[in-house]
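Shown next: data.cif, containing mmCIF, C-alpha atoms.
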data_final
loop_
_atom_site.label_atom_id
_atom_site.label_comp_id
_atom_site.auth_asym_id
_atom_site.auth_seq_id
_atom_site.Cartn_x
_atom_site.Cartn_y
_atom_site.Cartn_z
CA MET A 16 16.55 -31.78 44.64
CA ARG A 17 17.49 -35.43 44.61
CA GLU A 18 16.35 -35.93 48.18
CA TYR A 19 12.79 -34.91 47.28
CA GLU A 20 12.95 -35.93 43.58
CA ARG A 21 12.15 -32.36 42.64
CA PHE A 22 13.79 -29.73 40.44
CA ALA A 23 14.16 -26.02 41.00
CA LEU A 24 13.31 -23.88 37.99
CA ILE A 25 15.48 -20.79 37.62
CA ILE A 26 13.83 -17.95 35.68
CA ASP A 27 16.61 -15.52 34.87
CA SER A 28 16.70 -11.91 33.77
CA GLY A 29 18.03 -10.53 30.51
CA GLU A 30 21.28 -9.72 32.32
CA SER A 31 21.67 -13.38 33.41
CA ALA A 32 21.66 -12.31 37.05
CA LEU A 33 21.43 -15.92 38.24
CA GLY A 34 23.61 -17.63 35.64
CA GLY A 35 26.62 -18.00 37.91
CA VAL A 36 24.39 -18.92 40.84
CA ALA A 37 22.89 -21.75 38.78
CA VAL A 38 26.31 -23.30 38.16
CA ARG A 39 27.23 -23.09 41.83
CA LEU A 40 23.93 -24.59 42.94
CA LEU A 41 24.50 -27.52 40.58
CA ASN A 42 27.86 -28.06 42.27
CA LEU A 43 26.03 -28.12 45.61
CA GLY A 44 23.80 -30.96 44.43
CA VAL A 45 20.67 -29.01 43.48
CA ASP A 46 18.84 -30.33 40.42
CA LEU A 47 17.94 -27.39 38.20
CA LEU A 48 16.10 -26.34 35.11
CA TYR A 49 17.20 -23.01 33.64
CA ALA A 50 15.07 -20.58 31.66
CA ALA A 51 16.58 -17.43 30.20
CA ASP A 52 13.19 -15.67 30.02
CA PHE A 53 9.53 -15.97 30.99
CA ASN A 54 8.38 -17.70 27.78
CA GLU A 55 11.03 -20.38 28.10
CA ALA A 56 10.02 -20.82 31.75
CA LEU A 57 6.39 -21.36 30.73
CA LEU A 58 7.44 -24.11 28.34
CA LEU A 59 9.67 -25.87 30.88
CA ALA A 60 7.03 -25.59 33.59
CA ALA A 61 4.41 -27.15 31.31
CA GLN A 62 6.73 -30.02 30.45
CA GLU A 63 8.01 -30.67 33.98
CA SER A 64 5.20 -29.50 36.29
CA GLN A 65 5.08 -32.83 38.13
CA ARG A 66 8.75 -32.61 39.04
CA LEU A 67 9.05 -28.92 39.87
CA GLY A 68 9.42 -28.20 43.56
CA ALA A 69 10.56 -24.58 43.61
CA VAL A 70 10.92 -21.55 41.34
CA LEU A 71 13.87 -19.18 41.75
CA MET A 72 13.99 -15.75 40.12
CA PRO A 73 15.81 -12.44 40.64
CA SER A 74 14.12 -9.99 42.98
CA SER A 75 15.21 -7.21 40.62
CA LEU A 76 12.56 -8.14 38.04
CA GLU A 77 9.41 -6.04 37.67
CA VAL A 78 6.64 -6.94 40.08
CA ASP A 79 4.22 -7.51 37.17
CA LEU A 80 6.49 -10.26 35.86
CA VAL A 81 6.76 -11.81 39.33
CA GLU A 82 2.97 -11.83 39.56
CA ALA A 83 2.76 -13.47 36.13
CA VAL A 84 5.07 -16.23 37.36
CA ILE A 85 2.88 -16.69 40.43
CA SER A 86 -0.35 -16.94 38.41
CA ARG A 87 0.87 -18.91 35.40
CA ILE A 88 3.63 -21.14 36.82
CA CYS A 89 3.46 -21.37 40.62
CA ALA A 90 -0.32 -21.80 40.58
CA LYS A 91 0.16 -25.14 38.81
CA LEU A 92 2.58 -26.47 41.44
CA ALA A 93 1.55 -28.34 44.56
CA LEU A 94 2.81 -25.59 46.87
CA GLY A 95 1.52 -22.71 44.77
CA PRO A 96 3.17 -19.34 45.54
CA ARG A 97 5.03 -20.86 48.49
CA ALA A 98 7.28 -22.54 45.91
CA LEU A 99 8.63 -19.17 44.75
CA VAL A 100 12.02 -17.93 46.00
CA LEU A 101 13.30 -14.45 45.16
CA ALA A 102 17.03 -13.73 45.28
CA GLY A 103 18.87 -10.44 44.92
CA PRO A 104 18.63 -6.89 46.22
CA GLU A 105 16.08 -6.02 48.87
CA ARG A 106 13.10 -4.23 47.29
CA GLY A 107 11.46 -2.60 50.28
CA ARG A 108 8.30 -2.99 52.35
CA GLU A 109 5.73 -2.22 49.63
CA PHE A 110 7.19 -4.86 47.30
CA ALA A 111 7.28 -7.44 50.12
CA GLU A 112 3.71 -6.70 51.22
CA ARG A 113 2.40 -7.03 47.69
CA LEU A 114 4.01 -10.46 47.31
CA ARG A 115 2.90 -11.59 50.76
CA GLU A 116 -0.68 -10.91 49.65
CA HIS A 117 -0.12 -13.49 46.91
CA GLY A 118 1.21 -16.02 49.43
CA VAL A 119 4.92 -15.72 48.57
CA ARG A 120 7.05 -16.67 51.55
CA TRP A 121 10.77 -16.68 50.70
CA ALA A 122 13.24 -13.92 49.78
CA VAL A 123 17.03 -14.19 49.93
CA CYS A 124 18.48 -10.68 49.98
CA GLU A 125 22.04 -9.71 49.12
CA PRO A 126 24.56 -10.39 50.43
CA TYR A 127 23.92 -14.13 50.72
CA THR A 128 25.97 -17.29 50.42
CA ASP A 129 25.35 -20.21 48.08
CA ARG A 130 24.70 -22.44 51.10
CA GLU A 131 22.04 -20.04 52.36
CA LEU A 132 20.31 -20.02 48.98
CA ARG A 133 20.52 -23.80 48.81
CA PHE A 134 18.90 -24.03 52.25
CA VAL A 135 15.99 -21.80 51.22
CA LEU A 136 15.40 -23.76 48.00
CA THR A 137 15.46 -26.99 50.00
CA ALA A 138 13.03 -25.53 52.52
CA ALA A 139 10.68 -24.44 49.74
CA MET A 140 10.79 -27.85 48.07
CA SER A 141 10.35 -29.80 51.30
CA ALA A 142 7.47 -27.71 52.69
CA GLY A 143 4.90 -30.23 51.51
CA HIS A 144 6.71 -33.22 53.01
CA THR A 145 6.42 -34.69 56.47
CA GLY A 146 9.12 -36.22 58.62
CA GLU A 147 11.66 -35.18 61.21
CA ARG A 148 14.25 -33.82 58.79
CA ARG A 149 11.68 -31.52 57.20
CA LYS A 150 10.16 -30.49 60.55
CA TYR A 151 13.56 -29.63 62.02
CA PRO A 152 15.62 -28.04 59.21
CA ARG A 153 19.39 -27.89 59.51
CA ILE A 154 20.69 -24.42 58.85
CA PRO A 155 24.18 -23.90 57.34
CA THR A 156 26.63 -22.51 59.86
CA ASN A 157 30.36 -22.02 60.39
CA ILE A 158 30.72 -22.08 64.19
CA GLU A 159 33.83 -23.30 66.00
CA ALA A 160 32.86 -25.67 68.81
CA SER A 161 34.35 -28.26 71.20
CA VAL A 162 33.45 -31.92 71.63
CA PHE A 163 34.59 -34.25 74.38
CA THR A 164 34.76 -37.98 74.85
CA GLY A 165 36.34 -39.15 78.07
CA VAL A 166 39.45 -37.03 78.61
CA HIS A 167 39.80 -36.23 74.91
CA ARG A 168 38.81 -32.84 73.52
CA LYS A 169 38.43 -32.06 69.82
CA GLN A 170 37.90 -28.73 68.09
CA VAL A 171 35.34 -28.93 65.30
CA VAL A 172 33.37 -26.61 63.03
CA VAL A 173 29.57 -26.81 63.11
CA HIS A 174 28.77 -27.17 59.41
CA ASP A 175 25.01 -27.26 59.90
CA LEU A 176 22.73 -27.13 62.91
CA SER A 177 19.17 -27.89 64.01
CA VAL A 178 17.39 -28.29 67.32
CA MET A 179 17.83 -32.05 66.95
CA GLY A 180 21.46 -32.33 65.92
CA ALA A 181 24.37 -31.03 63.87
CA TYR A 182 27.03 -31.95 61.38
CA LEU A 183 30.49 -31.36 62.84
CA ALA A 184 33.30 -30.90 60.35
CA THR A 185 36.57 -32.49 61.42
CA PRO A 186 39.23 -34.49 59.53
CA HIS A 187 39.15 -37.19 62.23
CA PRO A 188 35.57 -37.91 63.28
CA PHE A 189 34.67 -40.22 66.14
CA LEU A 190 33.26 -43.65 65.34
CA GLU A 191 29.55 -44.12 64.77
CA ASP A 192 27.56 -44.65 67.99
CA SER A 193 30.21 -42.84 70.05
CA ARG A 194 28.80 -40.92 72.99
CA ILE A 195 30.11 -37.37 73.25
CA SER A 196 29.47 -34.11 75.04
CA LEU A 197 29.74 -30.79 73.28
CA GLU A 198 29.82 -27.02 73.70
CA ILE A 199 28.58 -24.77 70.91
CA PRO A 200 28.89 -21.01 71.37
CA LEU A 201 25.87 -19.02 70.19
CA PRO A 202 25.32 -15.26 70.37
CA LYS A 203 23.24 -15.58 73.55
CA GLY A 204 25.44 -18.15 75.28
CA LEU A 205 26.82 -21.67 75.15
CA ILE A 206 24.86 -24.75 74.20
CA ARG A 207 26.01 -27.62 76.41
CA GLY A 208 24.78 -31.17 76.21
CA ASN A 209 25.32 -34.76 75.17
CA ALA A 210 25.03 -36.36 71.77
CA PHE A 211 25.77 -39.56 69.90
CA VAL A 212 27.46 -39.94 66.54
CA ALA A 213 24.84 -41.02 64.01
CA ASN A 214 27.19 -41.15 61.01
CA ALA A 215 30.78 -40.33 60.14
CA GLN A 216 32.64 -39.52 56.94
CA THR A 217 36.43 -39.43 56.60
CA ALA A 218 38.43 -37.76 53.84
CA ASP A 219 39.05 -41.07 52.03
CA GLU A 220 35.35 -41.98 51.85
CA PRO A 221 33.14 -40.85 48.97
CA GLY A 222 30.43 -38.36 49.82
CA ARG A 223 28.77 -35.17 48.67
CA PRO A 224 31.43 -32.75 47.42
CA ASP A 225 29.97 -29.87 49.42
CA VAL A 226 30.12 -31.78 52.73
CA PRO A 227 33.54 -31.88 54.44
CA PRO A 228 34.79 -34.87 56.44
CA GLY A 229 33.11 -35.01 59.81
CA MET A 230 30.24 -36.55 61.74
CA GLY A 231 26.53 -36.12 62.09
CA VAL A 232 25.42 -36.08 65.71
CA SER A 233 22.02 -36.25 67.41
CA PHE A 234 21.51 -34.28 70.60
CA ASN A 235 20.17 -35.77 73.81
CA ASN A 236 19.76 -34.43 77.32
CA LEU A 237 20.02 -30.77 76.36
CA SER A 238 18.97 -28.61 79.28
CA PRO A 239 15.72 -26.64 78.79
CA GLU A 240 17.81 -23.46 78.72
CA SER A 241 20.14 -24.80 76.02
CA TYR A 242 17.23 -26.11 73.95
CA GLU A 243 15.40 -22.78 74.14
CA ARG A 244 18.57 -20.89 73.20
CA LEU A 245 19.19 -23.23 70.26
CA GLN A 246 15.60 -23.03 69.05
CA GLU A 247 15.67 -19.23 69.18
CA PHE A 248 18.92 -19.16 67.20
CA VAL A 249 17.64 -21.51 64.46
CA GLU A 250 14.27 -19.79 64.13
CA GLY A 251 15.89 -16.36 64.05
CA TRP A 252 18.25 -17.52 61.29
CA VAL A 253 15.35 -18.84 59.17
CA ASP A 254 13.26 -15.70 59.76
CA ARG A 255 15.84 -13.64 57.86
CA PHE A 256 14.59 -15.20 54.64
CA LEU A 257 10.86 -14.82 55.21
CA LEU A 258 8.96 -11.97 53.59
#
Output the structure of this file as structure tokens.
Amino acid sequence: MREYERFALIIDSGESALGGVAVRLLNLGVDLLYAADFNEALLLAAQESQRLGAVLMPSSLEVDLVEAVISRICAKLALGPRALVLAGPERGREFAERLREHGVRWAVCEPYTDRELRFVLTAAMSAGHTGERRKYPRIPTNIEASVFTGVHRKQVVVHDLSVMGAYLATPHPFLEDSRISLEIPLPKGLIRGNAFVANAQTADEPGRPDVPPGMGVSFNNLSPESYERLQEFVEGWVDRFLL
């Protein structure tokens, strides 16, 4: 991806199971290389090994082919088998255990959204990087929440969320450096706390096409209970995509 100066290599099946997914991921800002079969993937991987950050392939392919990708393509990448992401139908415990033995970490099972797949590819590509954004990943969400400043209350949608902050979609964001309080409902209760607006984007400002107008906020002074509840929610969300 552009943020990490890495590409994701899609290795598709004969039925082009990931063809439409590839187009949608491009629209979400993911830099891709596309191979229609294993031999084409070998060629692209040899040519672009220094820029490959992740490998995406359908989970419906035979396990022998998946293992060939691990040994002949992923083995040459910095992250090895951790760079591989499988997407498609769930294959069962035996399949998962066999891949875990090779060090494969990620599987996105149907049904999934394009934003979820983008998150997992980003996580795979950023695993070898350090820094706060990589340590505290922002998961895609669609949660209605409330923010307050003074006597003013605004309804927003939590577009993405981490234990450190969130992006709040709203057509009329607060100004940068504004101090706000917020309430975010999670399955196990409300998250209440304070935050400040780190950045804001209005509808008339250019930005990523997949990011709606809104504001990025950083949390501060979350209660221990709220932080624990938020951490459990984020980690539980990520765990859904781990083999």
Within 12 Å of segment 238-249 of chain A, which residues of segment 122-166 of chain A come that close, and what is the closest atom pair and distance in Å for each? Count all atoms listed in the file and give it as CSV.
residue,atom,partner,partner_atom,distance
A:Tyr151,CA,A:Val249,CA,9.4
A:Pro152,CA,A:Val249,CA,8.6
A:Arg153,CA,A:Val249,CA,8.3
A:Ile154,CA,A:Val249,CA,7.0
A:Pro155,CA,A:Val249,CA,10.0
A:Thr156,CA,A:Val249,CA,10.1
So that I can see what lies close to His187 of chain A, please list as a ChimeraX atom specification the residues with an atom at most 9 Å from it, counting only C-alpha atoms and leaving out residues fewer than 4 positions away in the same chain. /A:216-218,228-230
Each segment 157-257 of chain A residue no farther than 9 Å from segment 122-133 of chain A, nearest pair in Å, only C-alpha atoms, as CSV:
residue,atom,partner,partner_atom,distance
A:Arg255,CA,A:Val123,CA,8.0
A:Phe256,CA,A:Ala122,CA,5.2
A:Leu257,CA,A:Ala122,CA,6.0
Do you have the atom CA of Ser141 of chain A-atom CA of Ala69 of chain A distance handy?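 These two atoms are separated by 9.3 Å.
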How many Å separate atom CA of Ala102 of chain A from atom CA of Arg115 of chain A?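 Value for the atom CA of Ala102 of chain A-atom CA of Arg115 of chain A distance: 15.3 Å.
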Name the residues that the PyMOL selection byres ((chain A and resi 98) around 12) picks from the file above, as number ranges by chain, using the file's chain letters and numbers. A: 21-25, 67-72, 84-85, 88-97, 99-101, 117-122, 135-143
Would you kindly place N, CA and C atoms on segment 74-101 of chain A and return the model as an mmCIF file, in the coordinates of the input?
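Everything below was put into part-v6.cif:
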data_model
loop_
_atom_site.group_PDB
_atom_site.id
_atom_site.type_symbol
_atom_site.label_atom_id
_atom_site.label_comp_id
_atom_site.auth_asym_id
_atom_site.auth_seq_id
_atom_site.Cartn_x
_atom_site.Cartn_y
_atom_site.Cartn_z
ATOM 1 N N SER A 74 15.040 -10.953 42.380
ATOM 2 C CA SER A 74 14.120 -9.990 42.980
ATOM 3 C C SER A 74 14.126 -8.668 42.232
ATOM 4 N N SER A 75 15.098 -8.465 41.353
ATOM 5 C CA SER A 75 15.210 -7.210 40.620
ATOM 6 C C SER A 75 14.211 -7.083 39.473
ATOM 7 N N LEU A 76 13.511 -8.178 39.141
ATOM 8 C CA LEU A 76 12.560 -8.140 38.040
ATOM 9 C C LEU A 76 11.310 -7.339 38.427
ATOM 10 N N GLU A 77 10.610 -6.830 37.419
ATOM 11 C CA GLU A 77 9.410 -6.040 37.670
ATOM 12 C C GLU A 77 8.353 -6.871 38.383
ATOM 13 N N VAL A 78 7.621 -6.223 39.272
ATOM 14 C CA VAL A 78 6.640 -6.940 40.080
ATOM 15 C C VAL A 78 5.560 -7.562 39.198
ATOM 16 N N ASP A 79 5.226 -6.941 38.072
ATOM 17 C CA ASP A 79 4.220 -7.510 37.170
ATOM 18 C C ASP A 79 4.675 -8.866 36.635
ATOM 19 N N LEU A 80 5.966 -8.990 36.346
ATOM 20 C CA LEU A 80 6.490 -10.260 35.860
ATOM 21 C C LEU A 80 6.471 -11.299 36.990
ATOM 22 N N VAL A 81 6.821 -10.890 38.197
ATOM 23 C CA VAL A 81 6.760 -11.810 39.330
ATOM 24 C C VAL A 81 5.336 -12.315 39.521
ATOM 25 N N GLU A 82 4.368 -11.427 39.405
ATOM 26 C CA GLU A 82 2.970 -11.830 39.560
ATOM 27 C C GLU A 82 2.527 -12.756 38.431
ATOM 28 N N ALA A 83 3.068 -12.557 37.230
ATOM 29 C CA ALA A 83 2.760 -13.470 36.130
ATOM 30 C C ALA A 83 3.308 -14.861 36.409
ATOM 31 N N VAL A 84 4.494 -14.935 36.987
ATOM 32 C CA VAL A 84 5.070 -16.230 37.360
ATOM 33 C C VAL A 84 4.208 -16.902 38.426
ATOM 34 N N ILE A 85 3.733 -16.133 39.383
ATOM 35 C CA ILE A 85 2.880 -16.690 40.430
ATOM 36 C C ILE A 85 1.600 -17.275 39.828
ATOM 37 N N SER A 86 0.958 -16.522 38.938
ATOM 38 C CA SER A 86 -0.350 -16.940 38.410
ATOM 39 C C SER A 86 -0.253 -18.003 37.331
ATOM 40 N N ARG A 87 0.810 -18.001 36.548
ATOM 41 C CA ARG A 87 0.870 -18.910 35.400
ATOM 42 C C ARG A 87 1.806 -20.100 35.592
ATOM 43 N N ILE A 88 2.713 -20.026 36.572
ATOM 44 C CA ILE A 88 3.630 -21.140 36.820
ATOM 45 C C ILE A 88 3.424 -21.706 38.215
ATOM 46 N N CYS A 89 3.571 -20.873 39.240
ATOM 47 C CA CYS A 89 3.460 -21.370 40.620
ATOM 48 C C CYS A 89 2.074 -21.931 40.911
ATOM 49 N N ALA A 90 1.043 -21.340 40.316
ATOM 50 C CA ALA A 90 -0.320 -21.800 40.580
ATOM 51 C C ALA A 90 -0.531 -23.256 40.175
ATOM 52 N N LYS A 91 0.297 -23.762 39.273
ATOM 53 C CA LYS A 91 0.160 -25.140 38.810
ATOM 54 C C LYS A 91 0.970 -26.117 39.644
ATOM 55 N N LEU A 92 1.761 -25.605 40.586
ATOM 56 C CA LEU A 92 2.580 -26.470 41.440
ATOM 57 C C LEU A 92 1.844 -26.793 42.722
ATOM 58 N N ALA A 93 2.240 -27.880 43.362
ATOM 59 C CA ALA A 93 1.550 -28.340 44.560
ATOM 60 C C ALA A 93 1.571 -27.293 45.673
ATOM 61 N N LEU A 94 2.680 -26.569 45.794
ATOM 62 C CA LEU A 94 2.810 -25.590 46.870
ATOM 63 C C LEU A 94 2.367 -24.196 46.473
ATOM 64 N N GLY A 95 1.971 -24.015 45.213
ATOM 65 C CA GLY A 95 1.520 -22.710 44.770
ATOM 66 C C GLY A 95 2.576 -21.641 44.962
ATOM 67 N N PRO A 96 2.202 -20.434 45.391
ATOM 68 C CA PRO A 96 3.170 -19.340 45.540
ATOM 69 C C PRO A 96 4.241 -19.587 46.595
ATOM 70 N N ARG A 97 3.996 -20.546 47.489
ATOM 71 C CA ARG A 97 5.030 -20.860 48.490
ATOM 72 C C ARG A 97 6.255 -21.501 47.862
ATOM 73 N N ALA A 98 6.136 -21.943 46.607
ATOM 74 C CA ALA A 98 7.280 -22.540 45.910
ATOM 75 C C ALA A 98 8.230 -21.494 45.353
ATOM 76 N N LEU A 99 7.813 -20.218 45.358
ATOM 77 C CA LEU A 99 8.630 -19.170 44.750
ATOM 78 C C LEU A 99 9.669 -18.635 45.723
ATOM 79 N N VAL A 100 10.905 -18.514 45.237
ATOM 80 C CA VAL A 100 12.020 -17.930 46.000
ATOM 81 C C VAL A 100 12.587 -16.780 45.186
ATOM 82 N N LEU A 101 12.697 -15.609 45.801
ATOM 83 C CA LEU A 101 13.300 -14.450 45.160
ATOM 84 C C LEU A 101 14.700 -14.255 45.723
#
